[in-house]
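Working notes for the structure below.
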Amino acid sequence: MKFVITLLSVAVLMSCAAPLAPVSLYMENGEVAKGFATQNPYKKVKFRTERQDKGVTYTFDEIAQAEYNTNEGIKRYIKLPVVDKEDELVVQEIVTGRVSLYTTNRQGYNPGAPMGFGAAGGMGMGFGGYAYNIDNFYLKRETETGMTHLGSNQLFTKNFIKAASDYFKDCPQLIQKIEAKDYRKKDLRAIVTYYNENCD
């Protein structure tokens with residue numbers, strides 16, 4: 001029970017701390033809404049025309065593209081289908097081209113080590129808890145309708161070398177670099193850019 005309360009508390013704190021950023025919402029009906037929104041649009045977008053306004057909530061059933069102007073540059077979000085999945089996902093564009101790279105991000109929480117046993121025989125309160133990011137990566141060719149899930153930044157992801165080599169099998173020189181570990185999972189942006197610029 002304490003673990004659940006801790007998770008809920010972390011989620012609330014994170015949502016409250018989320019800063020507003022200038023945003024342009026390109027709606028499915030062709031309209032464009034410009035204003036401000038929190039920078040975590042994977043489920044919904046709470047939009048304000050002015051910072052002090054009361055928020056209006058939109059989903060990606062209504063939004064075709066959300067474009068945020070952040071300190072790190074422009075971030076674009078769209079909704080795309082995933083190969084072998086029924087649901088579509090809201091993803092951030094990282095690289096666009098003949099092969100495009102997309103990502104999703106969510107927060108995980110590790111409660112830390114327990115401190116003994118509680119009065120009812122359950123585990124006691126923990127200490128040293130921390131939040132961490134889980135990034136999932138997706139690839140899509142111009143000729144494909146759905147994205148292919150390549151894995152995440154966590155250790156429990158599927159074998160990266162095999163997955164990347166299978167996807168880029170039409171570019172032997174890139175596969176060589178991946179198998180030689182010149183490119184690793186953290187270099188996905190560079191891998192996709194290399195493919196778009198050097199592979200036929």
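Chain labels follow the order of the structure tokens: the first chain is A, the next B, and so on; residue numbering restarts at 1 in every chain, and ligands are counted from 1 in their shown order.
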
Report task. Give me the residues within 7 Å of A:Leu80 as number ranges by chain, counting only C-alpha atoms and dropping any in the same chain fewer than 5 places off. Result -> A: 88-90, 146

Writer output for current selection, C-alpha atoms, as a CSV table (one decimal), in the first residue's frame:
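Resulting contents of result-v2.csv:
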chain,number,residue,atom,x,y,z
A,88,GLU,CA,-1.5,3.9,-32.4
A,89,LEU,CA,1.1,5.7,-30.3
A,90,VAL,CA,1.9,9.3,-29.8
A,146,GLY,CA,3.6,1.4,-39.3

Query - Near-A:Glu62 list (12 Å; only C-alpha atoms; drop same-chain fewer than 4 positions) as a PyMOL selection string - result: chain A and resi 25-33+44-45+57-58+66+78-79

Query - For A:Ser100, the nearest of the candidates A:Thr148, A:Thr59, A:Thr38, A:Gln173, counting only C-alpha atoms - result: A:Thr148

Report task. Apply DSSP to the backbone of this structure and, from stretch 16-58 of chain A, keep only the residues in strand (DSSP E or B); write these as a PyMOL selection string. Result -> chain A and resi 20-27+32-38+45-48+56-58

Requested in this report: Show which residues sit within 12 Å of A:Lys181, as a ChimeraX atom specification. Count only C-alpha atoms, and ignore same-chain residues fewer than 5 positions away.
Outcome: /A:160-162,164-165,174-176,186-187,191

Requested in this report: Please provide the set of residues having any atom within 12 Å of A:Gly73, restricted to only C-alpha atoms, with same-chain residues fewer than 2 positions apart removed, written as an MDAnalysis selection string.
Outcome: chainID A and resid 21:23 67:71 75:76 94
